[in-house]
$ cat model_37.tsv   # TSV, C-alpha atoms
chain	number	residue	atom	x	y	z
A	1	MET	CA	-12.02	-4.82	-111.03
A	2	THR	CA	-11.79	-6.84	-107.81
A	3	LEU	CA	-14.87	-6.64	-105.62
A	4	ASP	CA	-14.36	-5.94	-101.92
A	5	LEU	CA	-16.69	-8.70	-100.79
A	6	LEU	CA	-16.43	-7.97	-97.08
A	7	SER	CA	-17.35	-4.30	-97.48
A	8	LEU	CA	-20.11	-5.30	-99.88
A	9	TYR	CA	-21.50	-7.75	-97.35
A	10	GLN	CA	-21.38	-5.23	-94.50
A	11	ASP	CA	-23.21	-2.65	-96.60
A	12	LEU	CA	-25.93	-5.13	-97.54
A	13	HIS	CA	-26.23	-6.22	-93.92
A	14	ALA	CA	-26.72	-2.63	-92.77
A	15	HIS	CA	-29.48	-1.97	-95.32
A	16	PRO	CA	-31.91	-4.92	-95.40
A	17	GLU	CA	-35.09	-4.51	-97.42
A	18	LEU	CA	-38.32	-6.49	-97.17
A	19	GLY	CA	-39.72	-8.65	-99.95
A	20	PHE	CA	-40.38	-6.85	-103.25
A	21	GLN	CA	-38.84	-3.70	-101.74
A	22	GLU	CA	-35.23	-4.66	-102.51
A	23	HIS	CA	-34.66	-1.65	-104.78
A	24	ARG	CA	-31.37	-0.55	-103.22
A	25	THR	CA	-30.08	-4.12	-103.03
A	26	ALA	CA	-31.04	-4.82	-106.64
A	27	GLY	CA	-29.29	-1.65	-107.72
A	28	ILE	CA	-26.11	-2.67	-105.94
A	29	VAL	CA	-26.26	-6.13	-107.50
A	30	ALA	CA	-26.72	-4.68	-111.00
A	31	ASP	CA	-23.84	-2.25	-110.48
A	32	ARG	CA	-21.49	-4.99	-109.22
A	33	LEU	CA	-22.38	-7.25	-112.14
A	34	ALA	CA	-21.52	-4.40	-114.50
A	35	GLU	CA	-18.19	-3.91	-112.69
A	36	ILE	CA	-17.30	-7.57	-113.16
A	37	GLY	CA	-17.85	-7.19	-116.89
A	38	GLY	CA	-18.94	-9.59	-119.59
A	39	ILE	CA	-22.31	-10.16	-117.94
A	40	GLU	CA	-25.64	-9.31	-119.53
A	41	VAL	CA	-27.73	-7.73	-116.75
A	42	THR	CA	-31.52	-7.57	-116.61
A	43	THR	CA	-33.32	-5.82	-113.74
A	44	GLY	CA	-36.95	-5.73	-112.66
A	45	VAL	CA	-37.56	-9.45	-113.20
A	46	GLY	CA	-40.52	-10.45	-111.05
A	47	GLY	CA	-40.58	-6.98	-109.54
A	48	THR	CA	-37.16	-6.41	-108.03
A	49	GLY	CA	-35.27	-9.48	-109.23
A	50	VAL	CA	-31.98	-9.24	-111.11
A	51	VAL	CA	-30.63	-11.75	-113.63
A	52	GLY	CA	-27.04	-11.82	-114.85
A	53	VAL	CA	-26.01	-14.01	-117.80
A	54	LEU	CA	-22.33	-14.93	-118.14
A	55	ALA	CA	-22.00	-16.71	-121.48
A	56	ASN	CA	-18.74	-18.48	-122.32
A	57	GLY	CA	-19.23	-20.57	-125.44
A	58	GLU	CA	-20.99	-23.86	-125.95
A	59	GLY	CA	-21.72	-26.00	-122.94
A	60	PRO	CA	-24.17	-26.62	-120.10
A	61	VAL	CA	-26.32	-23.88	-118.64
A	62	VAL	CA	-26.24	-23.53	-114.85
A	63	TRP	CA	-28.60	-21.33	-112.85
A	64	LEU	CA	-27.23	-20.04	-109.55
A	65	ARG	CA	-29.78	-18.54	-107.19
A	66	ALA	CA	-29.41	-16.14	-104.26
A	67	ASP	CA	-32.29	-14.51	-102.37
A	68	MET	CA	-32.10	-10.84	-101.40
A	69	ASP	CA	-34.82	-9.88	-98.90
A	70	GLY	CA	-34.58	-9.21	-95.19
A	71	LEU	CA	-36.96	-9.78	-92.28
A	72	PRO	CA	-39.05	-7.51	-90.01
A	73	VAL	CA	-36.71	-8.12	-87.05
A	74	GLN	CA	-34.97	-5.63	-84.75
A	75	GLU	CA	-31.26	-6.46	-84.91
A	76	ARG	CA	-29.52	-6.97	-81.55
A	77	THR	CA	-26.08	-8.19	-82.62
A	78	GLY	CA	-24.24	-5.03	-81.54
A	79	LEU	CA	-22.14	-5.13	-84.70
A	80	PRO	CA	-20.69	-1.81	-85.90
A	81	TYR	CA	-22.59	-2.35	-89.17
A	82	ALA	CA	-25.80	-3.57	-87.54
A	83	SER	CA	-29.00	-2.57	-89.30
A	84	GLN	CA	-30.78	0.59	-88.23
A	85	HIS	CA	-32.96	0.33	-91.30
A	86	ARG	CA	-36.76	0.33	-91.26
A	87	GLY	CA	-39.37	-0.66	-93.79
A	88	THR	CA	-43.11	-1.01	-94.34
A	89	ASP	CA	-44.55	-4.49	-94.02
A	90	GLU	CA	-47.37	-5.96	-96.11
A	91	ASP	CA	-49.94	-4.62	-93.64
A	92	GLY	CA	-48.60	-1.06	-93.89
A	93	ASN	CA	-46.80	-1.09	-90.53
A	94	ASP	CA	-43.48	0.65	-90.01
A	95	VAL	CA	-41.07	-2.09	-88.84
A	96	PRO	CA	-37.36	-2.59	-88.18
A	97	THR	CA	-35.58	-4.73	-90.76
A	98	MET	CA	-32.66	-7.14	-90.45
A	99	HIS	CA	-30.81	-9.71	-92.54
A	100	ALA	CA	-31.53	-12.37	-89.94
A	101	CYS	CA	-31.42	-15.27	-92.41
A	102	GLY	CA	-28.19	-14.61	-94.26
A	103	HIS	CA	-29.57	-13.35	-97.57
A	104	ASP	CA	-26.88	-10.64	-97.46
A	105	ILE	CA	-24.15	-13.27	-97.49
A	106	HIS	CA	-26.01	-15.26	-100.15
A	107	VAL	CA	-25.84	-12.25	-102.48
A	108	THR	CA	-22.17	-11.74	-101.59
A	109	TRP	CA	-21.35	-15.40	-102.30
A	110	LEU	CA	-23.00	-15.26	-105.71
A	111	LEU	CA	-21.32	-12.02	-106.75
A	112	GLY	CA	-17.96	-13.41	-105.65
A	113	THR	CA	-18.61	-16.57	-107.63
A	114	LEU	CA	-19.42	-14.64	-110.79
A	115	GLU	CA	-16.30	-12.52	-110.38
A	116	ARG	CA	-14.12	-15.63	-110.14
A	117	LEU	CA	-15.80	-17.37	-113.06
A	118	ALA	CA	-15.54	-14.25	-115.22
A	119	ALA	CA	-11.82	-14.07	-114.46
A	120	THR	CA	-11.16	-17.72	-115.40
A	121	THR	CA	-13.08	-18.20	-118.65
A	122	ASP	CA	-10.23	-20.26	-120.13
A	123	ASP	CA	-11.02	-23.01	-117.61
A	124	TRP	CA	-14.70	-23.57	-118.37
A	125	HIS	CA	-17.30	-23.44	-121.12
A	126	GLY	CA	-21.03	-22.92	-120.96
A	127	THR	CA	-23.40	-20.34	-119.54
A	128	VAL	CA	-23.94	-19.28	-115.94
A	129	VAL	CA	-27.18	-17.51	-115.13
A	130	ALA	CA	-27.20	-15.71	-111.78
A	131	VAL	CA	-30.71	-15.34	-110.38
A	132	PHE	CA	-30.94	-12.73	-107.60
A	133	GLN	CA	-34.42	-13.42	-106.27
A	134	PRO	CA	-36.69	-11.14	-104.23
A	135	ALA	CA	-39.20	-12.07	-101.55
A	136	GLU	CA	-38.09	-15.52	-100.47
A	137	GLU	CA	-39.17	-14.89	-96.90
A	138	VAL	CA	-42.80	-14.55	-97.97
A	139	ILE	CA	-42.52	-17.47	-100.45
A	140	SER	CA	-43.47	-15.25	-103.39
A	141	GLY	CA	-40.31	-14.22	-105.21
A	142	ALA	CA	-39.55	-17.38	-107.17
A	143	ARG	CA	-43.13	-17.56	-108.40
A	144	ALA	CA	-43.05	-13.89	-109.40
A	145	MET	CA	-39.88	-14.36	-111.45
A	146	VAL	CA	-41.27	-17.45	-113.16
A	147	GLU	CA	-44.51	-15.64	-113.98
A	148	ASP	CA	-42.42	-12.81	-115.44
A	149	GLY	CA	-40.96	-15.21	-117.98
A	150	LEU	CA	-37.75	-16.29	-116.25
A	151	VAL	CA	-37.62	-19.63	-118.07
A	152	ASP	CA	-38.45	-18.19	-121.51
A	153	ARG	CA	-36.44	-14.95	-121.35
A	154	PHE	CA	-33.11	-16.46	-120.28
A	155	PRO	CA	-31.05	-19.52	-121.25
A	156	LYS	CA	-32.83	-22.66	-120.05
A	157	PRO	CA	-30.81	-24.44	-117.36
A	158	ASP	CA	-29.52	-27.97	-117.12
A	159	VAL	CA	-29.50	-27.64	-113.32
A	160	VAL	CA	-30.44	-25.13	-110.62
A	161	LEU	CA	-27.97	-24.66	-107.76
A	162	GLY	CA	-28.36	-22.72	-104.52
A	163	GLN	CA	-26.60	-22.26	-101.20
A	164	HIS	CA	-27.98	-21.18	-97.82
A	165	SER	CA	-26.23	-19.98	-94.70
A	166	ALA	CA	-26.58	-22.16	-91.63
A	167	PRO	CA	-25.67	-21.72	-87.93
A	168	ALA	CA	-22.93	-24.33	-88.30
A	169	PRO	CA	-19.17	-23.81	-87.99
A	170	VAL	CA	-17.43	-21.98	-90.82
A	171	GLY	CA	-15.85	-24.60	-93.07
A	172	ILE	CA	-18.80	-26.98	-92.94
A	173	VAL	CA	-20.71	-27.47	-96.20
A	174	ALA	CA	-23.59	-29.94	-95.91
A	175	ILE	CA	-25.15	-31.41	-99.05
A	176	GLY	CA	-28.05	-33.85	-98.93
A	177	SER	CA	-30.16	-35.72	-101.47
A	178	GLY	CA	-33.89	-36.26	-101.63
A	179	PRO	CA	-36.18	-34.06	-99.49
A	180	VAL	CA	-34.05	-31.38	-97.83
A	181	MET	CA	-36.62	-28.77	-96.73
A	182	ALA	CA	-40.29	-28.92	-95.82
A	183	SER	CA	-43.32	-27.54	-97.59
A	184	SER	CA	-44.80	-24.32	-96.24
A	185	ASP	CA	-48.32	-22.92	-96.26
A	186	ARG	CA	-50.02	-19.96	-94.60
A	187	LEU	CA	-53.71	-19.84	-93.82
A	188	THR	CA	-55.64	-16.82	-92.58
A	189	VAL	CA	-58.86	-17.76	-90.80
A	190	THR	CA	-61.52	-15.17	-89.96
A	191	PHE	CA	-64.14	-16.23	-87.44
A	192	ASN	CA	-67.29	-14.23	-88.19
A	193	GLY	CA	-69.34	-13.53	-85.08
A	194	ARG	CA	-71.77	-10.91	-83.81
A	195	GLY	CA	-70.53	-8.11	-81.59
A	196	ALA	CA	-72.16	-6.94	-78.37
A	197	HIS	CA	-71.50	-5.10	-75.12
A	198	GLY	CA	-69.16	-6.97	-72.81
A	199	SER	CA	-71.90	-6.95	-70.14
A	200	ALA	CA	-74.35	-8.72	-72.46
A	201	PRO	CA	-72.50	-11.74	-73.88
A	202	GLN	CA	-75.83	-13.49	-74.52
A	203	ALA	CA	-76.46	-10.99	-77.31
A	204	SER	CA	-73.26	-11.91	-79.10
A	205	LEU	CA	-71.83	-14.71	-81.15
A	206	ASP	CA	-68.40	-14.46	-79.60
A	207	PRO	CA	-65.62	-15.06	-82.17
A	208	VAL	CA	-62.87	-14.69	-79.56
A	209	VAL	CA	-63.95	-17.76	-77.59
A	210	THR	CA	-64.40	-19.73	-80.79
A	211	ALA	CA	-60.99	-18.71	-82.15
A	212	ALA	CA	-59.33	-19.49	-78.82
A	213	SER	CA	-60.92	-22.94	-78.80
A	214	ALA	CA	-59.75	-23.51	-82.36
A	215	VAL	CA	-56.18	-22.56	-81.46
A	216	VAL	CA	-56.16	-25.21	-78.73
A	217	ARG	CA	-57.77	-27.85	-80.95
A	218	LEU	CA	-55.30	-27.18	-83.77
A	219	GLN	CA	-52.51	-28.43	-81.52
A	220	THR	CA	-53.90	-31.94	-82.00
A	221	VAL	CA	-53.42	-31.96	-85.77
A	222	VAL	CA	-49.79	-33.03	-85.56
A	223	SER	CA	-49.95	-34.87	-82.23
A	224	ARG	CA	-53.01	-36.98	-83.17
A	225	GLU	CA	-53.28	-36.98	-86.96
A	226	VAL	CA	-49.69	-37.18	-88.20
A	227	SER	CA	-47.76	-40.41	-87.70
A	228	PRO	CA	-44.89	-40.24	-85.18
A	229	SER	CA	-42.64	-41.57	-87.96
A	230	ASP	CA	-43.61	-38.61	-90.16
A	231	ALA	CA	-43.26	-34.90	-89.39
A	232	GLY	CA	-45.41	-31.81	-89.54
A	233	VAL	CA	-45.81	-28.41	-87.91
A	234	VAL	CA	-48.90	-26.31	-87.22
A	235	THR	CA	-48.13	-22.93	-85.68
A	236	VAL	CA	-50.65	-20.22	-84.87
A	237	GLY	CA	-48.42	-17.19	-84.99
A	238	SER	CA	-50.97	-14.36	-85.02
A	239	PHE	CA	-54.26	-13.77	-83.19
A	240	HIS	CA	-56.13	-10.48	-83.62
A	241	ALA	CA	-59.50	-9.58	-82.17
A	242	GLY	CA	-61.26	-6.66	-80.56
A	243	THR	CA	-60.36	-3.15	-79.48
A	244	ARG	CA	-61.47	-2.86	-75.81
A	245	ALA	CA	-62.17	-5.12	-72.87
A	246	ASN	CA	-65.91	-4.29	-72.73
A	247	ILE	CA	-66.64	-4.81	-76.43
A	248	ILE	CA	-67.20	-8.27	-77.88
A	249	PRO	CA	-65.99	-7.92	-81.49
A	250	ASP	CA	-67.56	-9.08	-84.72
A	251	GLN	CA	-64.48	-10.94	-85.88
A	252	ALA	CA	-61.37	-12.75	-84.71
A	253	VAL	CA	-58.53	-13.52	-87.12
A	254	ILE	CA	-55.78	-16.10	-86.71
A	255	GLU	CA	-52.84	-16.79	-89.02
A	256	ILE	CA	-51.52	-20.33	-89.26
A	257	SER	CA	-48.19	-21.55	-90.61
A	258	THR	CA	-47.80	-25.20	-91.58
A	259	ARG	CA	-44.85	-27.39	-92.55
A	260	ALA	CA	-44.71	-30.94	-93.88
A	261	ARG	CA	-42.04	-33.32	-95.16
A	262	ASN	CA	-44.14	-34.75	-97.99
A	263	GLU	CA	-47.12	-33.70	-100.08
A	264	GLU	CA	-49.47	-36.33	-98.61
A	265	THR	CA	-48.93	-35.04	-95.07
A	266	ARG	CA	-49.19	-31.47	-96.33
A	267	ALA	CA	-52.65	-32.14	-97.78
A	268	ARG	CA	-53.77	-33.96	-94.63
A	269	ILE	CA	-52.70	-31.08	-92.37
A	270	ILE	CA	-54.50	-28.47	-94.50
A	271	ALA	CA	-57.67	-30.56	-94.60
A	272	SER	CA	-57.57	-31.06	-90.81
A	273	ILE	CA	-57.18	-27.33	-90.17
A	274	GLU	CA	-60.15	-26.52	-92.39
A	275	ARG	CA	-62.27	-29.20	-90.69
A	276	ILE	CA	-61.43	-27.97	-87.19
A	277	VAL	CA	-62.04	-24.26	-87.77
A	278	ARG	CA	-65.38	-24.99	-89.46
A	279	ALA	CA	-66.42	-27.34	-86.66
A	280	GLU	CA	-65.46	-24.84	-83.96
A	281	SER	CA	-67.45	-22.13	-85.71
A	282	ASP	CA	-70.43	-24.45	-85.87
A	283	ALA	CA	-70.02	-25.38	-82.21
A	284	GLY	CA	-70.05	-21.69	-81.27
A	285	GLY	CA	-73.12	-20.99	-83.36
A	286	LEU	CA	-71.12	-18.82	-85.74
A	287	PRO	CA	-71.56	-18.77	-89.51
A	288	GLU	CA	-68.98	-20.32	-91.83
A	289	PRO	CA	-65.45	-18.96	-91.20
A	290	THR	CA	-63.48	-17.36	-94.02
A	291	ILE	CA	-60.37	-19.37	-94.88
A	292	VAL	CA	-57.71	-17.88	-97.17
A	293	ARG	CA	-54.73	-20.04	-98.13
A	294	SER	CA	-51.76	-18.12	-99.48
A	295	PRO	CA	-49.59	-19.68	-102.20
A	296	GLY	CA	-46.96	-21.78	-100.46
A	297	ALA	CA	-43.77	-23.69	-101.11
A	298	GLU	CA	-43.54	-27.33	-102.08
A	299	VAL	CA	-41.14	-29.76	-100.43
A	300	THR	CA	-37.61	-28.91	-101.58
A	301	VAL	CA	-36.12	-32.04	-103.15
A	302	ASN	CA	-32.51	-32.47	-104.26
A	303	ASP	CA	-31.96	-34.73	-107.25
A	304	ALA	CA	-29.84	-37.61	-105.96
A	305	GLU	CA	-27.53	-37.95	-108.98
A	306	SER	CA	-26.97	-34.20	-109.21
A	307	ALA	CA	-26.39	-33.91	-105.46
A	308	ALA	CA	-23.71	-36.61	-105.65
A	309	ARG	CA	-22.04	-34.74	-108.51
A	310	VAL	CA	-22.04	-31.47	-106.62
A	311	PHE	CA	-20.84	-33.13	-103.42
A	312	ALA	CA	-17.86	-34.68	-105.20
A	313	ALA	CA	-16.83	-31.31	-106.61
A	314	VAL	CA	-17.39	-29.31	-103.41
A	315	SER	CA	-15.67	-31.85	-101.16
A	316	ALA	CA	-12.56	-31.54	-103.32
A	317	ALA	CA	-12.57	-27.76	-102.84
A	318	VAL	CA	-13.79	-27.45	-99.25
A	319	PRO	CA	-12.34	-29.95	-96.73
A	320	GLY	CA	-15.37	-29.53	-94.45
A	321	ALA	CA	-17.89	-30.73	-97.02
A	322	ARG	CA	-20.04	-33.63	-95.88
A	323	GLU	CA	-23.10	-35.52	-96.98
A	324	LEU	CA	-26.15	-34.47	-95.01
A	325	GLU	CA	-29.23	-36.37	-93.95
A	326	ILE	CA	-31.64	-33.54	-93.18
A	327	GLY	CA	-33.85	-35.61	-90.89
A	328	LEU	CA	-36.60	-33.51	-89.35
A	329	ALA	CA	-35.47	-30.03	-90.41
A	330	MET	CA	-38.72	-28.19	-91.10
A	331	ALA	CA	-37.64	-24.88	-92.64
A	332	SER	CA	-38.99	-24.09	-96.11
A	333	GLU	CA	-37.77	-22.54	-99.37
A	334	ASP	CA	-39.16	-21.54	-102.76
A	335	VAL	CA	-35.97	-22.19	-104.77
A	336	GLY	CA	-37.47	-25.48	-105.95
A	337	GLN	CA	-40.07	-23.56	-107.94
A	338	LEU	CA	-37.31	-22.38	-110.28
A	339	ALA	CA	-36.18	-25.93	-111.02
A	340	THR	CA	-39.75	-27.16	-111.35
A	341	ALA	CA	-40.63	-24.41	-113.81
A	342	ALA	CA	-37.58	-25.25	-115.92
A	343	GLY	CA	-38.09	-29.01	-115.58
A	344	VAL	CA	-34.52	-29.65	-114.38
A	345	PRO	CA	-32.76	-31.04	-111.28
A	346	LEU	CA	-32.15	-28.97	-108.15
A	347	VAL	CA	-29.27	-29.08	-105.68
A	348	TYR	CA	-29.58	-26.87	-102.61
A	349	TRP	CA	-27.15	-27.05	-99.71
A	350	PHE	CA	-26.10	-25.41	-96.45
A	351	THR	CA	-22.84	-23.67	-95.57
A	352	GLY	CA	-21.70	-22.79	-92.06
A	353	ILE	CA	-21.27	-19.16	-91.11
A	354	THR	CA	-20.57	-19.31	-87.35
A	355	ASP	CA	-17.25	-18.97	-85.51
A	356	PRO	CA	-16.15	-22.57	-84.72
A	357	GLU	CA	-14.79	-21.36	-81.39
A	358	LEU	CA	-18.34	-20.73	-80.17
A	359	PHE	CA	-19.12	-24.41	-80.68
A	360	ARG	CA	-15.94	-25.49	-78.92
A	361	ARG	CA	-16.89	-23.36	-75.92
A	362	GLY	CA	-20.42	-24.78	-75.90
A	363	GLU	CA	-22.08	-21.39	-76.30
A	364	ASP	CA	-25.63	-20.89	-77.48
A	365	ILE	CA	-25.65	-20.36	-81.23
A	366	PRO	CA	-28.22	-17.90	-82.65
A	367	SER	CA	-30.36	-19.52	-85.30
A	368	ASN	CA	-31.72	-18.12	-88.53
A	369	HIS	CA	-34.37	-15.44	-87.87
A	370	SER	CA	-32.82	-14.61	-84.49
A	371	PRO	CA	-32.11	-10.91	-83.77
A	372	PHE	CA	-28.59	-12.09	-82.82
A	373	TYR	CA	-27.88	-13.93	-86.11
A	374	ALA	CA	-24.41	-12.74	-87.13
A	375	PRO	CA	-22.26	-14.57	-89.71
A	376	GLN	CA	-18.51	-14.52	-89.22
A	377	ALA	CA	-18.27	-12.91	-92.62
A	378	GLU	CA	-14.48	-12.61	-92.92
A	379	THR	CA	-14.06	-16.40	-93.01
A	380	ALA	CA	-17.50	-17.51	-94.20
A	381	ILE	CA	-17.44	-15.49	-97.43
A	382	PRO	CA	-14.43	-17.25	-99.03
A	383	VAL	CA	-15.71	-20.70	-98.04
A	384	GLY	CA	-19.10	-20.00	-99.58
A	385	VAL	CA	-17.55	-18.69	-102.79
A	386	ASP	CA	-15.26	-21.74	-103.02
A	387	ALA	CA	-18.24	-24.07	-102.61
A	388	LEU	CA	-20.42	-22.29	-105.17
A	389	VAL	CA	-17.60	-22.05	-107.73
A	390	ALA	CA	-16.79	-25.74	-107.30
A	391	ALA	CA	-20.43	-26.74	-107.69
A	392	THR	CA	-20.74	-24.67	-110.85
A	393	ARG	CA	-17.53	-26.12	-112.31
A	394	ALA	CA	-18.95	-29.60	-111.75
A	395	TYR	CA	-21.09	-28.81	-114.80
A	396	VAL	CA	-19.15	-26.32	-116.92
A	397	ALA	CA	-15.47	-27.22	-116.37

$ encode --input "model_37.tsv" --output "structure tokens"
Amino acid sequence: MTLDLLSLYQDLHAHPELGFQEHRTAGIVADRLAEIGGIEVTTGVGGTGVVGVLANGEGPVVWLRADMDGLPVQERTGLPYASQHRGTDEDGNDVPTMHACGHDIHVTWLLGTLERLAATTDDWHGTVVAVFQPAEEVISGARAMVEDGLVDRFPKPDVVLGQHSAPAPVGIVAIGSGPVMASSDRLTVTFNGRGAHGSAPQASLDPVVTAASAVVRLQTVVSREVSPSDAGVVTVGSFHAGTRANIIPDQAVIEISTRARNEETRARIIASIERIVRAESDAGGLPEPTIVRSPGAEVTVNDAESAARVFAAVSAAVPGARELEIGLAMASEDVGQLATAAGVPLVYWFTGITDPELFRRGEDIPSNHSPFYAPQAETAIPVGVDALVAATRAYVA
């Protein structure tokens, strides 16, 4: 059976699900794998993950990974298949959901790749393991699948491959070696004060003032403690305190996102944040703040030899393939945790999904996580499938 990849993509785009809630998406993936045939399908891996094993005799084992979750973003693309879907976030809030990072096209690319490989088994030998991963956006899905026995339950890979959509022209496939994406950490800091009436601030230990001072001071971590030749990011993306103007609250809570291009800088940034929030609490006369660090993502590193191998194969199949020096790109991924758990090389690359005409006209291009992020699916789907098939064949042909 031939999959209608465009219709599949549009359906996934219209029904995005948040991390560990990808029940509908996982069901569609499992059904499509069954339609392709010859694939052993396992569902519920790491919660909502799906694994498909396409075995074709002796040979290398290649893991191909696609993430499935959407984001709590209100879509504004105006597409006829734009998402009207809603979900419940980790704090219990009802939120709009959108595939604003291309995970819908990632799933489509991988299903199209499996269909083509299953139809051409005379041309290759080995085993392809398709890993449809939940909860990448919250940097939890890869870890959950590993903890659920991913490495032990399925054929152990010789390499892990993955592909991500990028706001570049369709036809461009960019493959780099070495560090390609930054580490990511999230810290939740609770400043513990003493509440009082707004007319009697002397009776309080005001956590709002202390938290506000900390937010300002945290801006110096990168500007004054990270070398200009290095790179790091400290973003305070959430600040919650109080209920009314005339009530000084007991607590103020900030959430901090960090990025770094190497583990040394990552550790320095975390240590600086902890030092600053403790010092600000002390300066305000508050007790010790509560600091909770969520499990994060390590720096994503492409094995140089494997990246060269994949680049040679992809460049022969996709004329727009090019070697990429990532530079200061600071986005993060958890795909590397799969390769680390298996003890094998990783190659992770970026494929353009945007109408080239928009670049020629000099228009603003929506980035990942934008409410206007809209792949030109008709042309981007075949390019992505070609690239992923070629990369896989670099090992199993």

$ atom_distance --input "model_37.tsv" --atom1 "CA of Val45 (chain A)" --atom2 "CA of Val73 (chain A)"
26.2 Å

$ atom_distance --input "model_37.tsv" --atom1 "CA of Pro60 (chain A)" --atom2 "CA of Gly126 (chain A)"
4.9 Å

$ residues_around --input "model_37.tsv" --residues "region 15-25 of chain A" --least-positions-apart "2" --cutoff "10 Å" --atoms "all atoms listed in the file" --output "number ranges by chain"
A: 10-13, 27-31, 43-44, 46-50, 67-72, 81-90, 95-100, 103-104, 107, 132-141, 144

$ residues_around --input "model_37.tsv" --residues "region 288-290 of chain A" --least-positions-apart "2" --cutoff "7 Å" --atoms "all atoms listed in the file" --output "PyMOL selection string"
chain A and resi 189-192+278+281+286+292

$ write_last_selection --input "model_37.tsv" --atoms "C-alpha atoms" --output "CSV table (one decimal), keeping the file's coordinate frame"
chain,number,residue,atom,x,y,z
A,189,VAL,CA,-58.9,-17.8,-90.8
A,190,THR,CA,-61.5,-15.2,-90.0
A,191,PHE,CA,-64.1,-16.2,-87.4
A,192,ASN,CA,-67.3,-14.2,-88.2
A,278,ARG,CA,-65.4,-25.0,-89.5
A,281,SER,CA,-67.4,-22.1,-85.7
A,286,LEU,CA,-71.1,-18.8,-85.7
A,292,VAL,CA,-57.7,-17.9,-97.2

$ closest_residue --input "model_37.tsv" --among "A:Leu79, A:Val335, A:Ala308, A:Ala252" --to "Ala211 (chain A)" --atoms "only C-alpha atoms"
A:Ala252

$ atom_distance --input "model_37.tsv" --atom1 "CA of Glu274 (chain A)" --atom2 "CA of Leu218 (chain A)"
9.9 Å

$ residues_around --input "model_37.tsv" --residues "Gly285 (chain A)" --least-positions-apart "6" --cutoff "9 Å" --atoms "all atoms listed in the file" --output "list in words"
Gly193, Leu205 and Asp206 of chain A

$ residues_around --input "model_37.tsv" --residues "region 336-345 of chain A" --least-positions-apart "5" --cutoff "8 Å" --atoms "all atoms listed in the file" --output "list of chain:residue names"
A:Ala142, A:Arg143, A:Val146, A:Val151, A:Lys156, A:Pro157, A:Asp158, A:Val159, A:Val160, A:Ala297, A:Glu298, A:Val299, A:Thr300, A:Val301, A:Asn302, A:Asp303, A:Ser306

$ residues_around --input "model_37.tsv" --residues "Val385 (chain A)" --least-positions-apart "5" --cutoff "10 Å" --atoms "all atoms listed in the file" --output "VMD selection string"
chain A and resid 106 108 to 116 163 380 390 to 391

$ closest_residue --input "model_37.tsv" --among "A:Leu187, A:Ile247, A:Val234, A:Leu324" --to "Ser294 (chain A)" --atoms "all atoms listed in the file"
A:Leu187

$ closest_residue --input "model_37.tsv" --among "A:Pro295, A:Pro155, A:Pro249, A:Pro80" --to "Ala374 (chain A)" --atoms "only C-alpha atoms"
A:Pro80

$ closest_residue --input "model_37.tsv" --among "A:Asn93, A:Thr188, A:Asn56, A:Thr235" --to "Arg293 (chain A)" --atoms "all atoms listed in the file"
A:Thr188

$ closest_atom_pairs --input "model_37.tsv" --of "region 169-209 of chain A" --to "region 316-323 of chain A" --cutoff "8 Å" --atoms "only C-alpha atoms" --output "CSV"
residue,atom,partner,partner_atom,distance
A:Gly171,CA,A:Gly320,CA,5.1
A:Ile172,CA,A:Gly320,CA,4.5
A:Val173,CA,A:Ala321,CA,4.4
A:Ala174,CA,A:Arg322,CA,5.1
A:Ile175,CA,A:Glu323,CA,5.0
A:Gly176,CA,A:Glu323,CA,5.6

$ closest_residue --input "model_37.tsv" --among "A:Tyr373, A:Ile105, A:Ala394, A:Ile256" --to "Arg309 (chain A)" --atoms "only C-alpha atoms"
A:Ala394

$ closest_residue --input "model_37.tsv" --among "A:Val129, A:Ala182, A:Met145, A:Val347" --to "Glu263 (chain A)" --atoms "only C-alpha atoms"
A:Ala182

$ residues_near_point --input "model_37.tsv" --point "(-27.2, -23.7, -91.9)" --cutoff "6 Å" --atoms "all atoms listed in the file" --output "ChimeraX atom specification"
/A:165-168,350-352
